[in-house]
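Chemist: Below is the structure I would like to discuss, written out as structure tokens.
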Amino acid sequence: MHALADHRSVTREALARRLCDEFATFTSDTVHRCVADVQACMTHLGLEATPARVERMAREHLTGILKSEPPSGRSPASGVDG
């Protein structure tokens with residue numbers, strides 16, 4: 001069973017590193033926590049937490065956080081009069 005836990009840890013680390021590169025606006029800890037939380041939630045719900053599913057769901061969560069910033073907190077887009 002220990003080998004399985006190690007495999008999950010290595011896979012989770014690889015996913016988190018890939019997402020850290022994609023979502024540089026977040027701290028590494030935030031991305032790692034998101035990946036771990038997604039994996040734990042999927043397992044808790046009885047879903048198969050495959051690497052592809054975990055990565056897709058974590059990406060959706062991180063994208064949602066970015067897009068949920070209110071317009072007043074966003075930097076102005078170039079060429080748009082405010």
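Ligands are numbered from 1 in the order shown, residues from 1 within each chain, and chains are lettered A, B, ... in the order they appear in the structure tokens.
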So that I can check the surroundings of Glu13 of chain A, please list as JSON, numbers by chain every protein, DNA and RNA residue that reaches within 9 Å of it, counting only C-alpha atoms and ignoring chain neighbours fewer than 4 positions away.
Modeler: {"A": [8, 9, 17, 18, 32, 35]}
Chemist: Would you output that residue set with C-alpha atoms, as a PDB file, in the first residue's frame?
Modeler:
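selection_4.pdb written:
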```pdb
ATOM      1  CA  ARG A   8      -0.073   9.210  -5.962  1.00  0.00           C
ATOM      2  CA  SER A   9       2.284  11.664  -4.315  1.00  0.00           C
ATOM      3  CA  ARG A  17       4.255  21.607 -11.128  1.00  0.00           C
ATOM      4  CA  ARG A  18       2.552  21.689 -14.524  1.00  0.00           C
ATOM      5  CA  HIS A  32      -0.372  22.307  -4.637  1.00  0.00           C
ATOM      6  CA  VAL A  35      -4.492  19.708  -6.572  1.00  0.00           C
TER       7      VAL A  35
END
```
Chemist: List the neighbours of Ile65 of chain A out to 12 Å using only C-alpha atoms; skip same-chain residues closer than 3 positions along the sequence, and give me the result as number ranges by chain.
Modeler: A: 23, 25-26, 30-31, 34, 58-62, 68-70
Chemist: Between atom CA of Val54 of chain A and atom CA of Ala40 of chain A, what is the spacing in Å?
Modeler: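 Between atom CA of Ala40 of chain A and atom CA of Val54 of chain A the gap is 9.6 Å.
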Chemist: Within 12 Å of Met57 of chain A, counting only C-alpha atoms, which residues show up once you throw out same-chain ones fewer than 4 positions away? Write them as a PDB file with C-alpha atoms, in the first residue's frame, please.
Modeler:
```
ATOM      1  CA  LEU A  15       0.371  17.790 -11.861  1.00  0.00           C
ATOM      2  CA  LEU A  19      -0.271  23.848 -13.175  1.00  0.00           C
ATOM      3  CA  CYS A  34      -5.775  22.905  -4.943  1.00  0.00           C
ATOM      4  CA  VAL A  35      -4.492  19.708  -6.572  1.00  0.00           C
ATOM      5  CA  ALA A  36      -4.480  17.853  -3.241  1.00  0.00           C
ATOM      6  CA  ASP A  37      -7.985  19.109  -2.400  1.00  0.00           C
ATOM      7  CA  VAL A  38      -9.387  18.087  -5.784  1.00  0.00           C
ATOM      8  CA  GLN A  39      -7.870  14.622  -5.448  1.00  0.00           C
ATOM      9  CA  ALA A  40      -9.247  14.236  -1.917  1.00  0.00           C
ATOM     10  CA  CYS A  41     -12.730  15.451  -2.921  1.00  0.00           C
ATOM     11  CA  MET A  42     -12.915  13.105  -5.883  1.00  0.00           C
ATOM     12  CA  ALA A  49      -9.220  10.324  -9.253  1.00  0.00           C
ATOM     13  CA  THR A  50      -7.219   9.731 -12.408  1.00  0.00           C
ATOM     14  CA  PRO A  51      -4.396  12.178 -13.104  1.00  0.00           C
ATOM     15  CA  ALA A  52      -6.241  13.576 -16.134  1.00  0.00           C
ATOM     16  CA  ARG A  53      -9.438  14.180 -14.145  1.00  0.00           C
ATOM     17  CA  HIS A  61     -10.906  25.647 -10.019  1.00  0.00           C
ATOM     18  CA  LEU A  62      -7.868  27.867 -10.601  1.00  0.00           C
ATOM     19  CA  THR A  63      -9.411  29.404 -13.721  1.00  0.00           C
ATOM     20  CA  GLY A  64     -12.597  30.091 -11.787  1.00  0.00           C
TER      21      GLY A  64
END
```
Chemist: Record the distance separating atom CA of Asp29 of chain A and atom CA of Glu48 of chain A, expressed in Å with one decimal.
Modeler: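 Distance between the two atoms: 24.2 Å.
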